[in-house]
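Next comes coords23.json, with JSON, C-alpha atoms and all ligand atoms.
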[["chain", "number", "residue", "atom", "x", "y", "z"],
["A", 7, "MET", "CA", 37.70, 21.11, 68.39],
["A", 8, "GLU", "CA", 36.86, 22.63, 65.02],
["A", 9, "ALA", "CA", 34.34, 25.46, 64.95],
["A", 10, "LEU", "CA", 30.90, 24.09, 64.21],
["A", 11, "PRO", "CA", 29.61, 24.80, 60.72],
["A", 12, "HIS", "CA", 26.90, 27.38, 60.24],
["A", 13, "PHE", "CA", 23.72, 26.41, 58.46],
["A", 14, "PRO", "CA", 22.15, 29.59, 57.01],
["A", 15, "TYR", "CA", 18.78, 27.88, 56.67],
["A", 16, "SER", "CA", 18.94, 26.23, 60.09],
["A", 17, "PRO", "CA", 20.69, 28.71, 62.39],
["A", 18, "ASN", "CA", 19.63, 26.83, 65.54],
["A", 19, "ALA", "CA", 20.67, 23.40, 64.30],
["A", 20, "PHE", "CA", 22.90, 22.74, 67.31],
["A", 21, "LYS", "CA", 20.38, 23.70, 69.98],
["A", 22, "PRO", "CA", 19.80, 20.50, 71.95],
["A", 23, "GLU", "CA", 16.02, 20.97, 71.94],
["A", 24, "LEU", "CA", 15.93, 20.54, 68.16],
["A", 25, "GLY", "CA", 17.40, 17.05, 68.54],
["A", 26, "LEU", "CA", 19.35, 17.19, 65.28],
["A", 27, "PHE", "CA", 22.90, 16.65, 66.51],
["A", 28, "GLU", "CA", 24.37, 14.95, 69.53],
["A", 29, "ALA", "CA", 27.84, 14.88, 70.93],
["A", 30, "SER", "CA", 29.23, 11.49, 69.99],
["A", 31, "GLU", "CA", 32.36, 9.49, 69.39],
["A", 32, "ILE", "CA", 30.93, 7.68, 66.38],
["A", 33, "GLU", "CA", 32.80, 7.79, 63.11],
["A", 34, "CYS", "CA", 31.13, 9.76, 60.32],
["A", 35, "PRO", "CA", 30.28, 7.41, 57.42],
["A", 36, "CYS", "CA", 31.28, 10.11, 54.92],
["A", 37, "CYS", "CA", 34.65, 11.49, 56.06],
["A", 38, "LYS", "CA", 35.44, 8.45, 58.25],
["A", 39, "LYS", "CA", 36.50, 10.68, 61.10],
["A", 40, "VAL", "CA", 35.32, 10.96, 64.67],
["A", 41, "ARG", "CA", 34.52, 14.64, 64.86],
["A", 42, "GLY", "CA", 32.52, 14.90, 68.05],
["A", 43, "TYR", "CA", 29.00, 15.38, 66.68],
["A", 44, "SER", "CA", 26.61, 13.04, 64.91],
["A", 45, "TYR", "CA", 23.46, 13.81, 62.96],
["A", 46, "GLN", "CA", 20.48, 12.13, 64.64],
["A", 47, "LEU", "CA", 18.18, 11.87, 61.63],
["A", 48, "THR", "CA", 18.52, 9.55, 58.66],
["A", 49, "PRO", "CA", 18.77, 11.39, 55.34],
["A", 50, "TYR", "CA", 16.71, 10.48, 52.32],
["A", 51, "CYS", "CA", 18.87, 8.20, 50.22],
["A", 52, "GLU", "CA", 19.17, 4.65, 49.03],
["A", 53, "LYS", "CA", 21.23, 3.31, 51.92],
["A", 54, "ASP", "CA", 20.65, 3.93, 55.61],
["A", 55, "ILE", "CA", 23.26, 6.53, 56.43],
["A", 56, "ASP", "CA", 23.42, 7.35, 60.11],
["A", 57, "ASN", "CA", 25.64, 9.52, 62.28],
["A", 58, "LEU", "CA", 26.90, 11.94, 59.66],
["A", 59, "CYS", "CA", 29.06, 14.71, 61.01],
["A", 60, "PRO", "CA", 27.72, 18.25, 60.57],
["A", 61, "TRP", "CA", 30.69, 19.30, 58.42],
["A", 62, "CYS", "CA", 29.92, 16.68, 55.76],
["A", 63, "ILE", "CA", 26.34, 17.98, 55.66],
["A", 64, "ALA", "CA", 27.36, 21.65, 55.48],
["A", 65, "ASP", "CA", 29.89, 21.29, 52.68],
["A", 66, "GLY", "CA", 27.70, 19.03, 50.58],
["A", 67, "LYS", "CA", 30.04, 16.02, 50.69],
["A", 68, "ALA", "CA", 27.49, 13.69, 52.26],
["A", 69, "SER", "CA", 24.81, 14.67, 49.80],
["A", 70, "GLU", "CA", 27.20, 14.11, 46.91],
["A", 71, "LYS", "CA", 28.69, 10.85, 48.12],
["A", 72, "PHE", "CA", 25.42, 9.15, 49.07],
["A", 73, "GLU", "CA", 23.07, 11.03, 46.75],
["A", 74, "ALA", "CA", 21.31, 12.04, 49.92],
["A", 75, "SER", "CA", 18.89, 14.84, 50.60],
["A", 76, "PHE", "CA", 17.96, 16.07, 54.04],
["A", 77, "SER", "CA", 14.45, 17.33, 53.50],
["A", 78, "GLN", "CA", 11.47, 15.68, 51.95],
["A", 79, "ASP", "CA", 9.91, 18.75, 50.34],
["A", 80, "VAL", "CA", 11.02, 22.33, 49.95],
["A", 81, "SER", "CA", 8.55, 25.13, 49.42],
["A", 82, "ARG", "CA", 5.48, 23.41, 48.07],
["A", 83, "ASP", "CA", 3.45, 26.61, 48.23],
["A", 84, "GLN", "CA", 5.84, 29.37, 47.12],
["A", 85, "PRO", "CA", 8.23, 29.70, 44.20],
["A", 86, "ILE", "CA", 11.81, 30.05, 45.43],
["A", 87, "ALA", "CA", 15.24, 30.28, 43.83],
["A", 88, "VAL", "CA", 16.71, 26.96, 42.72],
["A", 89, "GLU", "CA", 19.94, 27.63, 44.65],
["A", 90, "ALA", "CA", 17.93, 28.05, 47.85],
["A", 91, "SER", "CA", 16.08, 24.77, 47.49],
["A", 92, "GLU", "CA", 19.33, 23.02, 46.51],
["A", 93, "GLN", "CA", 20.98, 24.29, 49.64],
["A", 94, "VAL", "CA", 18.13, 23.06, 51.83],
["A", 95, "TYR", "CA", 17.97, 19.65, 50.19],
["A", 96, "ALA", "CA", 21.70, 19.04, 50.00],
["A", 97, "ARG", "CA", 23.47, 21.06, 52.69],
["A", 98, "THR", "CA", 20.99, 21.74, 55.50],
["A", 99, "PRO", "CA", 19.91, 19.31, 58.22],
["A", 100, "GLY", "CA", 16.23, 18.41, 58.18],
["A", 101, "TYR", "CA", 14.01, 18.55, 61.24],
["A", 102, "ILE", "CA", 12.07, 15.98, 63.23],
["A", 103, "SER", "CA", 8.56, 15.64, 61.80],
["A", 104, "TRP", "CA", 5.61, 13.30, 61.61],
["A", 105, "GLN", "CA", 5.04, 13.42, 57.85],
["A", 106, "GLY", "CA", 8.41, 14.57, 56.53],
["A", 107, "GLU", "CA", 9.79, 18.06, 56.15],
["A", 108, "ASN", "CA", 7.92, 20.67, 54.19],
["A", 109, "TRP", "CA", 10.46, 23.46, 54.22],
["A", 110, "LEU", "CA", 8.68, 26.77, 53.75],
["A", 111, "GLY", "CA", 9.79, 29.63, 51.55],
["A", 112, "HIS", "CA", 9.11, 33.37, 51.22],
["A", 113, "CYS", "CA", 10.48, 36.25, 49.12],
["A", 114, "ASN", "CA", 11.89, 33.81, 46.57],
["A", 115, "ASP", "CA", 14.15, 32.30, 49.25],
["A", 116, "ALA", "CA", 13.85, 29.31, 51.55],
["A", 117, "CYS", "CA", 13.05, 30.37, 55.11],
["A", 118, "ALA", "CA", 15.24, 29.64, 58.10],
["A", 119, "PHE", "CA", 13.92, 26.88, 60.34],
["A", 120, "ILE", "CA", 13.65, 28.26, 63.87],
["A", 121, "GLU", "CA", 12.11, 25.68, 66.20],
["A", 122, "TYR", "CA", 9.27, 23.30, 67.07],
["A", 123, "VAL", "CA", 6.35, 25.19, 68.54],
["A", 124, "GLY", "CA", 3.03, 24.82, 70.31],
["A", 125, "PHE", "CA", 0.29, 27.44, 70.35],
["A", 126, "ASP", "CA", 1.65, 29.10, 73.49],
["A", 127, "ASP", "CA", 4.96, 29.73, 71.76],
["A", 128, "ILE", "CA", 3.38, 31.54, 68.83],
["A", 129, "ALA", "CA", 0.34, 33.19, 70.44],
["A", 130, "HIS", "CA", 2.11, 36.57, 70.17],
["A", 131, "ILE", "CA", 2.67, 36.17, 66.42],
["A", 132, "TRP", "CA", -0.57, 34.32, 65.68],
["A", 133, "GLU", "CA", -1.77, 36.99, 63.24],
["A", 134, "GLU", "CA", 1.44, 36.64, 61.29],
["A", 135, "VAL", "CA", 1.08, 32.91, 60.79],
["A", 136, "GLU", "CA", -2.64, 32.21, 60.73],
["A", 137, "GLY", "CA", -2.71, 32.70, 56.97],
["A", 138, "ASP", "CA", -0.28, 29.80, 56.60],
["A", 139, "ILE", "CA", -2.60, 27.59, 58.62],
["A", 140, "GLU", "CA", -5.54, 28.38, 56.35],
["A", 141, "LEU", "CA", -3.39, 28.01, 53.27],
["A", 142, "ALA", "CA", -2.40, 24.51, 54.35],
["A", 143, "GLY", "CA", -6.07, 23.62, 54.81],
["A", 144, "TRP", "CA", -6.13, 23.40, 58.61],
["A", 145, "ASP", "CA", -8.97, 24.65, 60.75],
["A", 146, "LYS", "CA", -7.57, 27.55, 62.75],
["A", 147, "GLU", "CA", -9.55, 26.77, 65.90],
["A", 148, "ILE", "CA", -8.43, 23.16, 65.90],
["A", 149, "VAL", "CA", -4.82, 24.20, 65.50],
["A", 150, "LYS", "CA", -5.19, 26.79, 68.26],
["A", 151, "GLU", "CA", -6.47, 24.17, 70.67],
["A", 152, "ASN", "CA", -4.19, 21.30, 69.76],
["A", 153, "LEU", "CA", -0.85, 22.64, 68.64],
["A", 154, "GLN", "CA", 1.86, 21.45, 71.05],
["A", 155, "LYS", "CA", 5.60, 21.39, 70.90],
["A", 156, "GLU", "CA", 5.65, 17.72, 71.85],
["A", 157, "GLY", "CA", 2.33, 16.28, 70.85],
["A", 158, "ASN", "CA", 0.37, 14.77, 68.01],
["A", 159, "MET", "CA", 0.00, 18.15, 66.33],
["A", 160, "VAL", "CA", 3.26, 20.05, 66.10],
["A", 161, "GLY", "CA", 4.14, 23.42, 64.62],
["A", 162, "TYR", "CA", 7.35, 24.15, 62.73],
["A", 163, "LEU", "CA", 8.28, 27.78, 62.90],
["A", 164, "PHE", "CA", 10.23, 29.39, 60.07],
["A", 165, "ARG", "CA", 11.38, 32.94, 59.45],
["A", 166, "CYS", "CA", 11.95, 34.58, 56.10],
["A", 167, "ARG", "CA", 15.62, 35.47, 55.66],
["A", 168, "GLN", "CA", 14.70, 38.43, 53.46],
["A", 169, "CYS", "CA", 11.80, 40.21, 55.18],
["A", 170, "GLY", "CA", 11.71, 38.58, 58.62],
["A", 171, "LYS", "CA", 8.13, 37.34, 58.36],
["A", 172, "HIS", "CA", 7.35, 34.21, 60.38],
["A", 173, "ARG", "CA", 5.78, 31.25, 58.65],
["A", 174, "LEU", "CA", 4.29, 28.16, 60.24],
["A", 175, "SER", "CA", 3.95, 24.62, 59.03],
["A", 176, "VAL", "CA", 1.60, 22.27, 60.91],
["A", 177, "ASP", "CA", 2.02, 18.53, 61.04],
["A", 178, "CYS", "CA", 0.04, 15.73, 62.62],
["A", 179, "ASP", "CA", 0.72, 12.08, 63.41],
["B", 1, "ZN", "ZN", 31.97, 13.67, 58.06],
["B", 2, "ZN", "ZN", 9.81, 37.33, 53.07]]

If you took the structure in this file and wrote it as structure tokens, what would it be?
Ligand SMILES: [Zn+2]
Ligand SMILES: [Zn+2]
Amino acid sequence: MEALPHFPYSPNAFKPELGLFEASEIECPCCKKVRGYSYQLTPYCEKDIDNLCPWCIADGKASEKFEASFSQDVSRDQPIAVEASEQVYARTPGYISWQGENWLGHCNDACAFIEYVGFDDIAHIWEEVEGDIELAGWDKEIVKENLQKEGNMVGYLFRCRQCGKHRLSVDCD
């Protein structure tokens, strides 16, 4: 099989626990080929486009053909380079969320999405991310008590591709 594409802003995209791609024998609606992997989320576009192959996401063909984007919002709270937000919207898989993606940025770049997290997963880097929690208007104690990887309050962990700082986005059902 072809080597899987690399997503610079979503380096873990093929980890099963992220739930973004599954092995499948379904034809990709963009390239019309059965390529072994199907995207499990539905991109933002006019039609319902399911089961895209990762290659058509990575090279921008799916975004172009269907005028699709893969994230709802990119970097609401930080200015980032236009090319970075374009790459996240058009050539990077989104992530599973309650209220839609809010892809974080730092150092004028979009961050890399790392994984879904609960408090236990980020306790060791809590000081690094607690500012993000306040910035987003959450009560830190409530987040500390309720943040779970698979629950009604989920954390999305990002890491800056420039300086390595972790950033956290919190989402609730
Ligand atoms: Zn395809
Ligand atoms: Zn940074």

Residues up to 10 Å from ligand ZN 2 (chain B), counting all atoms listed in the file: could you list those as a compact mmCIF listing (two decimals) with C-alpha atoms, keeping the file's coordinate frame?
# COMPACT_ATOMS: atom_id res chain seq x y z
CA GLY A 111 9.79 29.63 51.55
CA HIS A 112 9.11 33.37 51.22
CA CYS A 113 10.48 36.25 49.12
CA ASN A 114 11.89 33.81 46.57
CA ASP A 115 14.15 32.30 49.25
CA ALA A 116 13.85 29.31 51.55
CA CYS A 117 13.05 30.37 55.11
CA ARG A 165 11.38 32.94 59.45
CA CYS A 166 11.95 34.58 56.10
CA ARG A 167 15.62 35.47 55.66
CA GLN A 168 14.70 38.43 53.46
CA CYS A 169 11.80 40.21 55.18
CA GLY A 170 11.71 38.58 58.62
CA LYS A 171 8.13 37.34 58.36
CA HIS A 172 7.35 34.21 60.38
CA ARG A 173 5.78 31.25 58.65

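Compared by their closest atoms to ligand ZN 1 (chain B), and using all atoms listed in the file, the residues A:Lys146, A:His130, A:Lys21, A:Lys39 rank with A:Lys39 nearest.
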
**Complete:** Between A:Glu28, A:Asp126, A:Glu23, A:Asp65, smallest distance to ligand ZN 1 (chain B) by all atoms listed in the file belongs to A:Asp65

**Message:** Using all atoms listed in the file, can you tell me which of A:Asn158, A:Asn57, A:Ser77, A:Ser30 comes closest to ligand ZN 1 (chain B)?
**Reply:** A:Asn57

**Complete:** Restricting to all atoms listed in the file, whichever of A:Glu121, A:Glu52, A:Glu134, A:Glu31 is closest to Glu156 of chain A is A:Glu121

Protein/DNA/RNA residues near (21.3, 14.6, 47.7), cut 8 Å, all atoms listed in the file, as a PDB file with C-alpha atoms, in the coordinates of the input:
ATOM      1  CA  TYR A  50      16.710  10.480  52.320  1.00  0.00           C
ATOM      2  CA  CYS A  51      18.870   8.200  50.220  1.00  0.00           C
ATOM      3  CA  ALA A  68      27.490  13.690  52.260  1.00  0.00           C
ATOM      4  CA  SER A  69      24.810  14.670  49.800  1.00  0.00           C
ATOM      5  CA  GLU A  70      27.200  14.110  46.910  1.00  0.00           C
ATOM      6  CA  PHE A  72      25.420   9.150  49.070  1.00  0.00           C
ATOM      7  CA  GLU A  73      23.070  11.030  46.750  1.00  0.00           C
ATOM      8  CA  ALA A  74      21.310  12.040  49.920  1.00  0.00           C
ATOM      9  CA  SER A  75      18.890  14.840  50.600  1.00  0.00           C
ATOM     10  CA  PHE A  76      17.960  16.070  54.040  1.00  0.00           C
ATOM     11  CA  TYR A  95      17.970  19.650  50.190  1.00  0.00           C
ATOM     12  CA  ALA A  96      21.700  19.040  50.000  1.00  0.00           C
TER      13      ALA A  96
END

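Considering the residues A:Leu153, A:Leu110, A:Ile139, A:Ala64 and counting only C-alpha atoms, Pro17 of chain A has its shortest atom-to-atom contact with A:Ala64.
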
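For the set A:Tyr101, A:Phe164, A:Phe119, A:Tyr45, the residue with the smallest atom-to-atom gap to ligand ZN 1 (chain B) is A:Tyr45, counting all atoms listed in the file.
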
Ligand ZN 1 (chain B): which residues are within 7 Å, counting all atoms listed in the file? Reply as a PDB file with C-alpha atoms, keeping the file's coordinate frame.
ATOM      1  CA  CYS A  34      31.130   9.760  60.320  1.00  0.00           C
ATOM      2  CA  PRO A  35      30.280   7.410  57.420  1.00  0.00           C
ATOM      3  CA  CYS A  36      31.280  10.110  54.920  1.00  0.00           C
ATOM      4  CA  CYS A  37      34.650  11.490  56.060  1.00  0.00           C
ATOM      5  CA  LYS A  38      35.440   8.450  58.250  1.00  0.00           C
ATOM      6  CA  LYS A  39      36.500  10.680  61.100  1.00  0.00           C
ATOM      7  CA  LEU A  58      26.900  11.940  59.660  1.00  0.00           C
ATOM      8  CA  CYS A  59      29.060  14.710  61.010  1.00  0.00           C
ATOM      9  CA  PRO A  60      27.720  18.250  60.570  1.00  0.00           C
ATOM     10  CA  TRP A  61      30.690  19.300  58.420  1.00  0.00           C
ATOM     11  CA  CYS A  62      29.920  16.680  55.760  1.00  0.00           C
TER      12      CYS A  62
END

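Take atom CA of Pro11 of chain A and atom CA of Ser81 of chain A: the distance between them is 23.9 Å.
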
**Message:** Around (0.6, 22.2, 70.4), as given in the file, which residues come within 10 Å? Count only C-alpha atoms and list them as a VMD selection string.
**Reply:** chain A and resid 122 to 128 149 to 161 176

**Item:** Atom-to-atom span, atom CA of Gln78 of chain A and atom CA of Glu107 of chain A, Å
**Value:** 5.1 Å
